[in-house]
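**Student:** Just so it is clear, I am handing over input.cif, which has mmCIF, C-alpha atoms and all ligand atoms.
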data_coords
loop_
_atom_site.label_atom_id
_atom_site.label_comp_id
_atom_site.auth_asym_id
_atom_site.auth_seq_id
_atom_site.Cartn_x
_atom_site.Cartn_y
_atom_site.Cartn_z
CA MET A 3 -16.02 53.22 154.02
CA ASP A 4 -15.71 55.53 157.02
CA HIS A 5 -18.86 55.44 159.20
CA SER A 6 -17.68 58.18 161.57
CA ALA A 7 -19.67 61.34 162.14
CA ASP A 8 -16.75 63.37 160.72
CA ALA A 9 -16.96 61.57 157.41
CA HIS A 10 -20.60 62.62 157.07
CA ARG A 11 -19.76 66.19 157.98
CA THR A 12 -17.17 66.54 155.23
CA ASP A 13 -19.28 64.94 152.51
CA LEU A 14 -22.92 65.84 152.54
CA MET A 15 -24.34 63.53 149.91
CA THR A 16 -27.97 63.82 148.82
CA ILE A 17 -29.72 60.83 147.27
CA THR A 18 -29.94 62.71 143.96
CA ARG A 19 -26.19 63.33 143.82
CA PHE A 20 -25.57 59.74 144.87
CA VAL A 21 -27.68 58.33 142.04
CA LEU A 22 -26.18 60.78 139.52
CA ASN A 23 -22.71 59.55 140.57
CA GLU A 24 -23.83 55.95 140.06
CA GLN A 25 -25.27 56.87 136.66
CA SER A 26 -22.03 58.46 135.49
CA LYS A 27 -20.35 55.04 135.92
CA HIS A 28 -22.49 53.69 133.07
CA ALA A 29 -21.48 55.28 129.78
CA GLU A 30 -24.68 54.19 128.03
CA SER A 31 -26.93 55.70 130.72
CA ARG A 32 -29.29 58.47 129.59
CA GLY A 33 -30.54 59.38 133.07
CA ASP A 34 -33.77 57.37 132.90
CA PHE A 35 -33.08 55.55 136.15
CA THR A 36 -32.24 58.81 137.94
CA ILE A 37 -35.54 60.31 136.83
CA LEU A 38 -37.47 57.19 137.87
CA LEU A 39 -35.81 57.22 141.27
CA SER A 40 -36.51 60.91 141.82
CA HIS A 41 -40.21 60.13 141.33
CA ILE A 42 -40.03 57.28 143.85
CA VAL A 43 -38.32 59.65 146.29
CA LEU A 44 -41.09 62.18 145.75
CA GLY A 45 -43.71 59.50 146.47
CA CYS A 46 -41.87 58.59 149.70
CA LYS A 47 -41.79 62.23 150.85
CA PHE A 48 -45.49 62.59 150.11
CA VAL A 49 -46.42 59.42 152.03
CA CYS A 50 -44.09 60.37 154.88
CA SER A 51 -45.93 63.66 155.24
CA ALA A 52 -49.33 61.88 155.21
CA VAL A 53 -48.12 59.29 157.78
CA ASN A 54 -46.90 62.07 160.08
CA LYS A 55 -50.38 63.59 160.07
CA ALA A 56 -52.23 60.28 160.41
CA GLY A 57 -52.60 60.54 164.20
CA LEU A 58 -54.51 63.78 163.72
CA ALA A 59 -57.01 62.13 161.36
CA LYS A 60 -59.85 62.11 163.82
CA LEU A 61 -59.37 65.78 164.59
CA ILE A 62 -58.83 67.22 161.13
CA GLY A 63 -60.32 64.60 158.87
CA LEU A 64 -57.53 62.67 157.17
CA ALA A 65 -57.13 59.05 156.18
CA GLY A 66 -60.37 57.13 156.43
CA GLU A 67 -62.37 59.88 158.09
CA THR A 68 -64.84 62.43 156.82
CA ASN A 69 -63.33 65.88 156.49
CA VAL A 70 -64.89 69.23 157.37
CA GLN A 71 -66.50 69.50 153.94
CA GLY A 72 -68.19 66.16 154.58
CA GLU A 73 -65.99 64.42 151.98
CA GLU A 74 -64.87 60.87 152.64
CA GLN A 75 -61.07 60.85 153.06
CA LYS A 76 -58.86 58.07 151.84
CA LYS A 77 -57.30 55.42 154.01
CA LEU A 78 -53.53 55.72 154.22
CA ASP A 79 -52.78 52.57 152.22
CA VAL A 80 -55.18 53.60 149.44
CA LEU A 81 -53.76 57.13 149.43
CA SER A 82 -50.17 55.81 149.34
CA ASN A 83 -51.04 53.58 146.41
CA GLU A 84 -52.47 56.50 144.43
CA VAL A 85 -49.43 58.63 145.25
CA PHE A 86 -47.01 55.99 143.96
CA VAL A 87 -49.02 55.09 140.87
CA LYS A 88 -49.18 58.78 139.90
CA ALA A 89 -45.52 59.40 140.69
CA LEU A 90 -44.40 56.35 138.70
CA VAL A 91 -46.61 56.95 135.67
CA SER A 92 -45.71 60.65 135.50
CA SER A 93 -42.00 59.78 135.54
CA GLY A 94 -42.49 58.65 131.94
CA ARG A 95 -40.02 55.86 132.65
CA THR A 96 -42.32 52.98 133.61
CA CYS A 97 -44.16 50.44 131.54
CA ILE A 98 -45.74 47.99 133.98
CA LEU A 99 -46.59 48.53 137.64
CA VAL A 100 -47.55 45.88 140.18
CA SER A 101 -48.92 47.14 143.49
CA GLU A 102 -50.13 45.17 146.48
CA GLU A 103 -53.26 47.31 146.39
CA ASP A 104 -54.23 46.54 142.77
CA GLU A 105 -55.50 43.14 141.75
CA LEU A 106 -54.19 43.50 138.20
CA ALA A 107 -50.90 44.81 136.89
CA ILE A 108 -51.13 48.38 135.57
CA VAL A 109 -49.92 48.78 131.98
CA VAL A 110 -48.87 52.38 131.39
CA GLU A 111 -50.41 54.08 128.35
CA PRO A 112 -48.05 54.15 125.32
CA SER A 113 -47.38 57.92 125.34
CA LYS A 114 -46.04 57.74 128.94
CA ARG A 115 -44.14 54.49 128.65
CA GLY A 116 -40.53 53.88 129.62
CA LYS A 117 -38.36 50.82 130.02
CA TYR A 118 -38.89 49.93 133.69
CA CYS A 119 -41.29 47.66 135.55
CA VAL A 120 -41.83 48.66 139.19
CA VAL A 121 -43.30 46.31 141.81
CA PHE A 122 -44.26 47.88 145.13
CA ASP A 123 -46.02 47.63 148.44
CA PRO A 124 -47.15 51.23 148.93
CA LEU A 125 -47.75 50.85 152.65
CA ASP A 126 -46.27 47.90 154.46
CA GLY A 127 -47.20 47.14 158.06
CA SER A 128 -50.77 48.38 157.77
CA SER A 129 -51.80 46.81 161.08
CA ASN A 130 -49.40 49.24 162.77
CA ILE A 131 -50.79 52.43 161.17
CA ASP A 132 -53.24 53.32 163.90
CA CYS A 133 -50.79 52.95 166.77
CA GLY A 134 -48.00 55.05 165.28
CA VAL A 135 -45.49 52.19 164.93
CA SER A 136 -43.00 52.27 162.01
CA ILE A 137 -44.42 51.38 158.60
CA GLY A 138 -42.96 51.75 155.13
CA THR A 139 -42.98 51.43 151.35
CA ILE A 140 -41.12 48.61 149.57
CA PHE A 141 -40.14 48.65 145.88
CA GLY A 142 -38.29 46.60 143.29
CA ILE A 143 -37.29 47.69 139.78
CA TYR A 144 -36.84 45.56 136.66
CA MET A 145 -35.78 46.52 133.17
CA ILE A 146 -38.11 45.45 130.35
CA LYS A 147 -36.66 44.07 127.14
CA ASP A 148 -39.29 45.35 124.73
CA HIS A 149 -41.42 48.11 126.20
CA SER A 150 -43.39 48.70 123.01
CA GLU A 151 -45.25 45.51 123.82
CA PRO A 152 -45.32 44.99 127.58
CA LYS A 153 -46.36 41.55 128.78
CA LEU A 154 -47.34 40.16 132.17
CA GLU A 155 -44.17 38.02 132.07
CA ASP A 156 -42.19 41.28 132.31
CA ALA A 157 -43.44 41.52 135.90
CA LEU A 158 -42.84 37.84 136.60
CA GLN A 159 -39.06 37.85 136.35
CA PRO A 160 -37.03 36.15 139.09
CA GLY A 161 -35.82 38.43 141.87
CA LYS A 162 -32.18 38.03 140.79
CA ASP A 163 -33.04 40.01 137.62
CA MET A 164 -34.00 43.16 139.54
CA VAL A 165 -31.85 46.18 138.74
CA ALA A 166 -32.64 47.94 142.01
CA ALA A 167 -34.66 47.55 145.17
CA GLY A 168 -35.32 49.53 148.30
CA TYR A 169 -37.67 50.62 151.00
CA CYS A 170 -38.59 53.76 152.83
CA MET A 171 -39.35 53.47 156.52
CA TYR A 172 -41.67 56.01 158.10
CA GLY A 173 -40.49 55.77 161.70
CA SER A 174 -38.89 58.02 164.28
CA SER A 175 -37.04 59.30 161.22
CA CYS A 176 -37.81 58.74 157.55
CA THR A 177 -35.11 56.46 156.12
CA LEU A 178 -34.73 55.31 152.53
CA VAL A 179 -32.54 52.25 151.96
CA LEU A 180 -31.49 51.53 148.39
CA SER A 181 -29.45 49.08 146.36
CA THR A 182 -28.75 49.44 142.67
CA GLY A 183 -26.83 46.17 142.68
CA SER A 184 -23.54 47.39 144.13
CA GLY A 185 -24.05 47.46 147.88
CA VAL A 186 -26.69 49.00 150.11
CA ASN A 187 -26.92 52.63 151.22
CA GLY A 188 -29.28 54.36 153.62
CA PHE A 189 -30.48 57.98 153.43
CA THR A 190 -32.35 59.92 156.10
CA LEU A 191 -34.84 62.64 155.25
CA ASP A 192 -33.93 66.03 156.66
CA PRO A 193 -37.45 67.45 157.00
CA SER A 194 -36.23 71.05 157.06
CA LEU A 195 -34.37 70.60 153.76
CA GLY A 196 -36.78 68.11 152.21
CA GLU A 197 -33.71 66.12 151.12
CA PHE A 198 -32.63 62.55 151.77
CA ILE A 199 -29.02 62.66 153.01
CA LEU A 200 -26.63 59.67 153.00
CA THR A 201 -26.42 58.60 156.66
CA HIS A 202 -25.79 54.85 156.39
CA PRO A 203 -23.14 54.37 153.70
CA ASP A 204 -22.26 50.91 152.50
CA ILE A 205 -24.38 48.77 154.82
CA LYS A 206 -22.41 45.55 154.42
CA VAL A 207 -21.45 42.26 155.88
CA LYS A 208 -19.32 44.01 158.52
CA LYS A 209 -22.53 45.69 159.65
CA ILE A 210 -24.37 42.39 159.49
CA PRO A 211 -22.21 40.13 161.68
CA LYS A 212 -22.15 36.67 160.14
CA LYS A 213 -24.34 35.64 163.05
CA GLY A 214 -26.68 37.95 164.92
CA LYS A 215 -28.18 38.07 168.38
CA ILE A 216 -31.79 38.63 167.36
CA TYR A 217 -34.53 36.46 165.83
CA SER A 218 -37.76 37.99 164.57
CA VAL A 219 -40.91 35.97 163.97
CA ASN A 220 -44.61 35.95 164.85
CA GLU A 221 -44.47 33.24 167.53
CA GLY A 222 -48.25 33.24 167.80
CA ASN A 223 -48.19 30.92 164.77
CA ALA A 224 -45.78 28.43 166.44
CA ARG A 225 -48.29 25.61 166.87
CA ASN A 226 -48.68 25.44 163.08
CA TRP A 227 -44.99 25.60 162.09
CA ASP A 228 -43.22 22.83 160.23
CA ALA A 229 -40.42 20.88 161.97
CA PRO A 230 -37.37 22.85 160.62
CA THR A 231 -38.83 26.22 161.66
CA ALA A 232 -39.84 24.89 165.09
CA LYS A 233 -36.36 23.36 165.59
CA TYR A 234 -34.66 26.56 164.49
CA VAL A 235 -36.62 28.79 166.88
CA GLU A 236 -35.98 26.30 169.69
CA LYS A 237 -32.24 26.60 168.93
CA CYS A 238 -32.49 30.39 169.07
CA LYS A 239 -33.92 30.17 172.59
CA PHE A 240 -32.00 27.18 173.92
CA PRO A 241 -28.72 26.90 171.97
CA LYS A 242 -26.86 23.66 172.66
CA ASP A 243 -23.48 24.84 171.33
CA GLY A 244 -22.66 27.06 174.30
CA SER A 245 -23.61 30.28 172.51
CA SER A 246 -26.01 32.80 174.09
CA ALA A 247 -29.73 32.64 173.43
CA LYS A 248 -30.99 35.13 170.86
CA SER A 249 -33.38 37.95 171.80
CA LEU A 250 -36.80 38.07 170.17
CA ARG A 251 -37.80 41.32 168.47
CA TYR A 252 -40.95 41.45 166.36
CA ILE A 253 -42.55 44.68 165.19
CA GLY A 254 -44.99 43.23 162.67
CA SER A 255 -44.00 45.65 159.89
CA MET A 256 -41.67 43.85 157.50
CA VAL A 257 -39.91 47.12 156.64
CA ALA A 258 -39.04 47.81 160.28
CA ASP A 259 -38.13 44.20 161.10
CA VAL A 260 -35.86 43.95 158.04
CA HIS A 261 -34.33 47.39 158.69
CA ARG A 262 -33.30 46.29 162.19
CA THR A 263 -31.97 43.00 160.79
CA LEU A 264 -29.86 44.87 158.21
CA LEU A 265 -28.36 47.17 160.83
CA TYR A 266 -28.06 44.87 163.85
CA GLY A 267 -27.88 41.43 162.24
CA GLY A 268 -29.82 38.28 163.10
CA ILE A 269 -32.70 36.68 161.26
CA PHE A 270 -36.24 37.60 160.18
CA LEU A 271 -38.58 34.78 159.34
CA TYR A 272 -42.11 34.52 158.04
CA PRO A 273 -42.34 30.76 157.54
CA ALA A 274 -44.99 28.54 156.03
CA ASP A 275 -47.41 27.03 158.49
CA LYS A 276 -50.24 24.52 158.37
CA LYS A 277 -52.80 27.27 157.86
CA SER A 278 -50.75 29.19 155.25
CA PRO A 279 -48.56 26.68 153.38
CA ASN A 280 -47.08 29.50 151.27
CA GLY A 281 -46.45 31.84 154.18
CA LYS A 282 -47.91 35.33 154.20
CA LEU A 283 -45.48 37.65 152.48
CA ARG A 284 -45.76 38.46 148.79
CA VAL A 285 -42.99 37.42 146.46
CA LEU A 286 -42.86 40.37 144.09
CA TYR A 287 -42.97 43.37 146.39
CA GLU A 288 -41.98 42.02 149.82
CA VAL A 289 -39.80 38.91 149.49
CA PHE A 290 -37.80 39.91 146.39
CA PRO A 291 -36.81 43.50 147.26
CA MET A 292 -35.87 42.59 150.83
CA SER A 293 -33.93 39.50 149.68
CA PHE A 294 -32.07 41.61 147.11
CA LEU A 295 -31.07 44.13 149.81
CA MET A 296 -30.06 41.38 152.24
CA GLU A 297 -27.80 39.67 149.69
CA GLN A 298 -26.31 43.00 148.67
CA ALA A 299 -25.46 43.59 152.33
CA GLY A 300 -23.71 40.25 152.55
CA GLY A 301 -26.55 38.25 154.12
CA GLN A 302 -28.79 35.54 152.65
CA ALA A 303 -32.46 34.97 151.85
CA PHE A 304 -34.00 31.49 151.63
CA THR A 305 -37.55 30.25 151.04
CA GLY A 306 -37.28 26.90 152.79
CA LYS A 307 -36.58 25.30 149.39
CA GLU A 308 -34.27 27.60 147.46
CA ARG A 309 -32.45 30.93 147.30
CA ALA A 310 -35.32 33.44 147.39
CA LEU A 311 -34.04 35.45 144.40
CA ASP A 312 -34.07 32.32 142.19
CA LEU A 313 -37.83 31.92 142.57
CA VAL A 314 -39.74 32.45 139.32
CA PRO A 315 -43.19 33.77 140.21
CA LYS A 316 -46.22 32.54 138.29
CA LYS A 317 -48.69 35.10 139.62
CA ILE A 318 -48.21 38.72 140.58
CA HIS A 319 -49.58 38.37 144.12
CA GLU A 320 -47.92 35.02 144.84
CA ARG A 321 -46.71 34.37 148.41
CA SER A 322 -43.65 32.58 149.74
CA PRO A 323 -42.15 31.64 153.09
CA ILE A 324 -39.00 33.66 153.77
CA PHE A 325 -35.96 33.44 156.06
CA LEU A 326 -33.52 36.31 155.67
CA GLY A 327 -30.67 37.90 157.55
CA SER A 328 -27.09 37.29 158.65
CA TYR A 329 -25.25 34.76 156.50
CA ASP A 330 -24.62 32.10 159.15
CA ASP A 331 -28.05 32.36 160.74
CA VAL A 332 -29.64 31.58 157.37
CA GLU A 333 -27.10 28.76 156.87
CA GLU A 334 -28.51 27.11 160.00
CA ILE A 335 -32.09 27.12 158.84
CA LYS A 336 -30.96 25.88 155.39
CA ALA A 337 -29.21 22.95 157.11
CA LEU A 338 -32.38 22.07 159.04
CA TYR A 339 -34.46 21.99 155.84
CA ALA A 340 -31.76 19.91 154.11
CA GLU A 341 -31.82 17.42 157.03
CA GLU A 342 -35.59 17.12 156.76
CA GLN A 343 -35.34 16.42 153.03
CA LYS A 344 -32.91 13.54 153.70
CA ALA A 345 -35.07 11.97 156.45
O1 LIG B 401 -49.29 40.15 161.69
P1 LIG B 401 -48.39 39.09 161.12
O2 LIG B 401 -49.12 37.87 160.66
O3 LIG B 401 -47.25 38.77 162.01
O4 LIG B 401 -47.81 39.71 159.77
C1 LIG B 401 -46.89 40.74 159.75
C2 LIG B 401 -46.47 40.97 158.35
O5 LIG B 401 -47.58 41.42 157.61
C3 LIG B 401 -47.30 42.60 156.93
O6 LIG B 401 -47.84 43.67 157.65
C4 LIG B 401 -47.91 42.51 155.55
O7 LIG B 401 -47.77 43.68 154.82
P2 LIG B 401 -48.99 44.71 154.51
O8 LIG B 401 -49.23 45.53 155.74
O9 LIG B 401 -48.40 45.48 153.37
O10 LIG B 401 -50.18 43.89 154.10
C5 LIG B 401 -45.76 42.71 156.96
O11 LIG B 401 -45.32 44.02 156.99
C6 LIG B 401 -45.40 42.01 158.24
O12 LIG B 401 -44.11 41.43 158.20
MG MG B 402 -46.50 44.51 153.13
MG MG B 403 -49.14 46.91 152.12
#
Please, can you express the file's structure as structure tokens?

**Tutor:**
Amino acid sequence: MDHSADAHRTDLMTITRFVLNEQSKHAESRGDFTILLSHIVLGCKFVCSAVNKAGLAKLIGLAGETNVQGEEQKKLDVLSNEVFVKALVSSGRTCILVSEEDELAIVVEPSKRGKYCVVFDPLDGSSNIDCGVSIGTIFGIYMIKDHSEPKLEDALQPGKDMVAAGYCMYGSSCTLVLSTGSGVNGFTLDPSLGEFILTHPDIKVKKIPKKGKIYSVNEGNARNWDAPTAKYVEKCKFPKDGSSAKSLRYIGSMVADVHRTLLYGGIFLYPADKKSPNGKLRVLYEVFPMSFLMEQAGGQAFTGKERALDLVPKKIHERSPIFLGSYDDVEEIKALYAEEQKA
């Protein structure tokens, strides 16, 4: 695919047209996925608009403040959750929803039910909200076999069974990155049009060099890491094979750290440590969607034990360690875990 500016100029592709094109490739498709996605896109635009105003909260009474009428306003993560739950239920295409913000899975009432299960983190990177650093929404979509009788197991499918995954990053621009299982594409919101336009077509292995120059981890946890993680990070800083040391970049919003990894290559890790033996990130709506995107872009995602997408979750808010990024960088950490197993 041609990444040049001219290519974009000649073919202005909105996310709606893109998904309609994808849909037309499936003869049996009745447009349900397109409708579901248009509701997710609406939720992203809504949250983007709220995030852009968040810095003014203290002045005009948004997000966690009391407004001029003396009403308590909602915090941004609570507001984002409500926006997405409403958008997904009103699509009429969902059956079960799992959100980071809700302890239990939401089973959609029968009259509004469709065939999809959506797992999502409505606002990822919450510690960065108040300082204006990039945050985002992460989502994964599964198809349900029998939506007349939804079960919790429908939300506990392995990541490899997802039919689509993506995220929207609310940063210096609002970017939605999506995979429906045949590559990864990125769309940027044109605020004057209110449309997401294809700006990053076919983000693939050529865009993720097999090995990258960046590692991304919270090094404040280093004293509690296990041996393979500690060895790996040491290798990033002091490579013994003559290669250059990697640069450290850590934003602390998974969406932003993974977005950079997709575009520039390298590795993002949130490993297990002595204090958190299962790591921090949640399997369903952080680890799975990002692993799906990374594999679709030609990279890898590994938990320290297995391919991340092979994991079969037992609980909806389960956590897992995760190492994801350029193919060869993940190969190295896999080798270190394999060595440890043998010892
Ligand atoms: O502050 P830490 O421990 O490095 O954790 C950062 C991680 O926590 C998260 O903020 C967790 O997500 P939420 O903000 O959705 O809870 C990730 O986005 C990020 O990768
Ligand atoms: Mg999160
Ligand atoms: Mg969150």

**Student:** Taking all atoms listed in the file into account, report as number ranges by chain which residues have an atom no farther than 9 Å from an atom of ligand MG 402 (chain B).

**Tutor:** A: 102, 122-128, 138-140, 255-257, 283-284, 287-288

**Student:** Show which residues sit within 10 Å of Gly196 of chain A, as an NGL selection string. Count all atoms listed in the file, and ignore same-chain residues fewer than 3 positions away.

**Tutor:** :A and (44 or 47 or 191-193 or 199)

**Student:** Which residues come within 12 Å of Asn223 of chain A, counting only C-alpha atoms, excluding same-chain residues fewer than 3 positions away, as a ChimeraX atom specification?

**Tutor:** /A:219-220,226-228,231-232,235,271-278,281-282

**Student:** Selection from above, C-alpha atoms, as a PDB file, in the coordinates of the input, can you write it?

**Tutor:**
ATOM      1  CA  VAL A 219     -40.910  35.970 163.970  1.00  0.00           C
ATOM      2  CA  ASN A 220     -44.610  35.950 164.850  1.00  0.00           C
ATOM      3  CA  ASN A 226     -48.680  25.440 163.080  1.00  0.00           C
ATOM      4  CA  TRP A 227     -44.990  25.600 162.090  1.00  0.00           C
ATOM      5  CA  ASP A 228     -43.220  22.830 160.230  1.00  0.00           C
ATOM      6  CA  THR A 231     -38.830  26.220 161.660  1.00  0.00           C
ATOM      7  CA  ALA A 232     -39.840  24.890 165.090  1.00  0.00           C
ATOM      8  CA  VAL A 235     -36.620  28.790 166.880  1.00  0.00           C
ATOM      9  CA  LEU A 271     -38.580  34.780 159.340  1.00  0.00           C
ATOM     10  CA  TYR A 272     -42.110  34.520 158.040  1.00  0.00           C
ATOM     11  CA  PRO A 273     -42.340  30.760 157.540  1.00  0.00           C
ATOM     12  CA  ALA A 274     -44.990  28.540 156.030  1.00  0.00           C
ATOM     13  CA  ASP A 275     -47.410  27.030 158.490  1.00  0.00           C
ATOM     14  CA  LYS A 276     -50.240  24.520 158.370  1.00  0.00           C
ATOM     15  CA  LYS A 277     -52.800  27.270 157.860  1.00  0.00           C
ATOM     16  CA  SER A 278     -50.750  29.190 155.250  1.00  0.00           C
ATOM     17  CA  GLY A 281     -46.450  31.840 154.180  1.00  0.00           C
ATOM     18  CA  LYS A 282     -47.910  35.330 154.200  1.00  0.00           C
TER      19      LYS A 282
END

**Student:** Hey, what's within 12 Å of Glu105 of chain A if we count all atoms listed in the file and toss same-chain stuff fewer than 5 positions away? As number ranges by chain, please?

**Tutor:** A: 99-100, 317-320

**Student:** Quick check, in Å to one decimal: how far apart do atom CA of Lys153 of chain A and atom CA of Gln298 of chain A lie?

**Tutor:**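 Atom CA of Lys153 of chain A sits 28.3 Å away from atom CA of Gln298 of chain A.
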
**Student:** Excluding Lys212 of chain A and residues on its chain fewer than 5 positions from it, collect all residues at most 8 Å away from it, counting only C-alpha atoms, and give them as a PDB file with C-alpha atoms, keeping the file's coordinate frame.

**Tutor:**
ATOM      1  CA  VAL A 207     -21.450  42.260 155.880  1.00  0.00           C
ATOM      2  CA  GLY A 267     -27.880  41.430 162.240  1.00  0.00           C
ATOM      3  CA  GLY A 301     -26.550  38.250 154.120  1.00  0.00           C
ATOM      4  CA  SER A 328     -27.090  37.290 158.650  1.00  0.00           C
ATOM      5  CA  TYR A 329     -25.250  34.760 156.500  1.00  0.00           C
ATOM      6  CA  ASP A 330     -24.620  32.100 159.150  1.00  0.00           C
ATOM      7  CA  ASP A 331     -28.050  32.360 160.740  1.00  0.00           C
TER       8      ASP A 331
END

**Student:** To box ligand LIG 401 (chain B), take all atoms listed in the file, fit an axis-aligned box, add 3 Å on each side, and give centre and edge lengths in Å to one decimal, as lines of an AutoDock Vina configuration file.

**Tutor:**
center_x = -47.1
center_y = 41.7
center_z = 157.7
size_x = 12.1
size_y = 13.7
size_z = 14.6

**Student:** Go through A:Lys239, A:Lys147, A:Lys206, A:Lys117 one by one, measure the shortest atom-to-atom distance of each to Gln159 of chain A using all atoms listed in the file, and give the residue with the smallest value.

**Tutor:**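 Under the stated criterion, the closest residue is A:Lys147.
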
**Student:** Atom CA of Asp132 of chain A to atom CA of Gly188 of chain A: how many Å, to one decimal?

**Tutor:**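 Interatomic distance here is 26.1 Å.
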
**Student:** Using all atoms listed in the file, pick whichever of A:Leu195, A:Ala224, A:Ile146, A:Leu38 has the shortest atom-to-atom distance to ligand LIG 401 (chain B).

**Tutor:**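 The closest residue to ligand LIG 401 (chain B) is A:Ala224.
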
**Student:** Using all atoms listed in the file, pick whichever of A:Lys344, A:Lys77, A:Lys336, A:Arg321 has the shortest atom-to-atom distance to Phe304 of chain A.

**Tutor:**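 Nearest candidate to Phe304 of chain A out of A:Lys344, A:Lys77, A:Lys336, A:Arg321: A:Lys336.
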
**Student:** Return the single residue from A:Val87, A:Leu154, A:Cys119, A:Ile131 that is closest to ligand MG 403 (chain B), with distances computed using only C-alpha atoms and all ligand atoms.

**Tutor:**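 Closest candidate: A:Ile131.
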
**Student:** Provide the atom CA of Ser174 of chain A to atom CA of Val43 of chain A distance in Å, to one decimal place.

**Tutor:** 18.1 Å

**Student:** Between A:Ala89, A:Ala247, A:Val260, A:Val120, which residue has the minimum interatomic distance to Ala167 of chain A, considering all atoms listed in the file?

**Tutor:**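 Closest residue, counting all atoms listed in the file: A:Val120.
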
**Student:** Can you tell me which residues surround Gly183 of chain A at a distance of at most 10 Å, considering all atoms listed in the file, apart from same-chain residues fewer than 3 positions away, and format the answer as a list in words?

**Tutor:** Lys162, Met164, Val165, Ala166, Ala167, Leu180, Val186, Phe294, Leu295, Glu297 and Gln298 of chain A

**Student:** Can I get the selection written as a PDB file, keeping the file's coordinate frame, with C-alpha atoms?

**Tutor:**
ATOM      1  CA  LYS A 162     -32.180  38.030 140.790  1.00  0.00           C
ATOM      2  CA  MET A 164     -34.000  43.160 139.540  1.00  0.00           C
ATOM      3  CA  VAL A 165     -31.850  46.180 138.740  1.00  0.00           C
ATOM      4  CA  ALA A 166     -32.640  47.940 142.010  1.00  0.00           C
ATOM      5  CA  ALA A 167     -34.660  47.550 145.170  1.00  0.00           C
ATOM      6  CA  LEU A 180     -31.490  51.530 148.390  1.00  0.00           C
ATOM      7  CA  VAL A 186     -26.690  49.000 150.110  1.00  0.00           C
ATOM      8  CA  PHE A 294     -32.070  41.610 147.110  1.00  0.00           C
ATOM      9  CA  LEU A 295     -31.070  44.130 149.810  1.00  0.00           C
ATOM     10  CA  GLU A 297     -27.800  39.670 149.690  1.00  0.00           C
ATOM     11  CA  GLN A 298     -26.310  43.000 148.670  1.00  0.00           C
TER      12      GLN A 298
END

**Student:** Taking into account only C-alpha atoms and all ligand atoms, which residue in the set A:Glu333, A:Asp104, A:Asp13, A:Asp204 is nearest to ligand MG 403 (chain B)?

**Tutor:**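 Distance minimum relative to ligand MG 403 (chain B) lands on A:Asp104.
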
**Student:** Output: segment 309-321 of chain A of the preceding structure, restricted to N, CA and C atoms, written as a PDB file, in the first residue's frame.

**Tutor:**
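New file result.pdb:
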ATOM      1  N   ARG A 309       1.535 -17.675  24.005  1.00  0.00           N
ATOM      2  CA  ARG A 309       1.019 -16.638  23.109  1.00  0.00           C
ATOM      3  C   ARG A 309      -0.184 -15.991  23.816  1.00  0.00           C
ATOM      4  N   ALA A 310      -0.191 -14.669  23.899  1.00  0.00           N
ATOM      5  CA  ALA A 310      -1.242 -14.009  24.690  1.00  0.00           C
ATOM      6  C   ALA A 310      -2.643 -14.365  24.193  1.00  0.00           C
ATOM      7  N   LEU A 311      -2.826 -14.473  22.869  1.00  0.00           N
ATOM      8  CA  LEU A 311      -4.181 -14.703  22.346  1.00  0.00           C
ATOM      9  C   LEU A 311      -4.687 -16.120  22.597  1.00  0.00           C
ATOM     10  N   ASP A 312      -3.789 -17.027  23.060  1.00  0.00           N
ATOM     11  CA  ASP A 312      -4.229 -18.395  23.372  1.00  0.00           C
ATOM     12  C   ASP A 312      -4.790 -18.514  24.786  1.00  0.00           C
ATOM     13  N   LEU A 313      -4.551 -17.489  25.588  1.00  0.00           N
ATOM     14  CA  LEU A 313      -5.021 -17.524  26.980  1.00  0.00           C
ATOM     15  C   LEU A 313      -6.552 -17.700  27.017  1.00  0.00           C
ATOM     16  N   VAL A 314      -7.016 -18.550  27.912  1.00  0.00           N
ATOM     17  CA  VAL A 314      -8.470 -18.689  28.088  1.00  0.00           C
ATOM     18  C   VAL A 314      -8.808 -18.109  29.459  1.00  0.00           C
ATOM     19  N   PRO A 315      -9.433 -16.930  29.490  1.00  0.00           N
ATOM     20  CA  PRO A 315      -9.685 -16.300  30.785  1.00  0.00           C
ATOM     21  C   PRO A 315     -10.748 -17.040  31.592  1.00  0.00           C
ATOM     22  N   LYS A 316     -10.568 -17.012  32.919  1.00  0.00           N
ATOM     23  CA  LYS A 316     -11.570 -17.657  33.788  1.00  0.00           C
ATOM     24  C   LYS A 316     -12.483 -16.621  34.421  1.00  0.00           C
ATOM     25  N   LYS A 317     -11.964 -15.394  34.530  1.00  0.00           N
ATOM     26  CA  LYS A 317     -12.756 -14.319  35.147  1.00  0.00           C
ATOM     27  C   LYS A 317     -12.693 -13.092  34.253  1.00  0.00           C
ATOM     28  N   ILE A 318     -13.741 -12.280  34.305  1.00  0.00           N
ATOM     29  CA  ILE A 318     -13.782 -11.161  33.352  1.00  0.00           C
ATOM     30  C   ILE A 318     -12.749 -10.067  33.632  1.00  0.00           C
ATOM     31  N   HIS A 319     -12.331  -9.921  34.887  1.00  0.00           N
ATOM     32  CA  HIS A 319     -11.347  -8.866  35.177  1.00  0.00           C
ATOM     33  C   HIS A 319      -9.954  -9.436  35.464  1.00  0.00           C
ATOM     34  N   GLU A 320      -9.722 -10.652  34.945  1.00  0.00           N
ATOM     35  CA  GLU A 320      -8.425 -11.308  35.134  1.00  0.00           C
ATOM     36  C   GLU A 320      -7.266 -10.444  34.584  1.00  0.00           C
ATOM     37  N   ARG A 321      -6.093 -10.607  35.201  1.00  0.00           N
ATOM     38  CA  ARG A 321      -4.909  -9.861  34.743  1.00  0.00           C
ATOM     39  C   ARG A 321      -3.877 -10.830  34.172  1.00  0.00           C
TER      40      ARG A 321
END
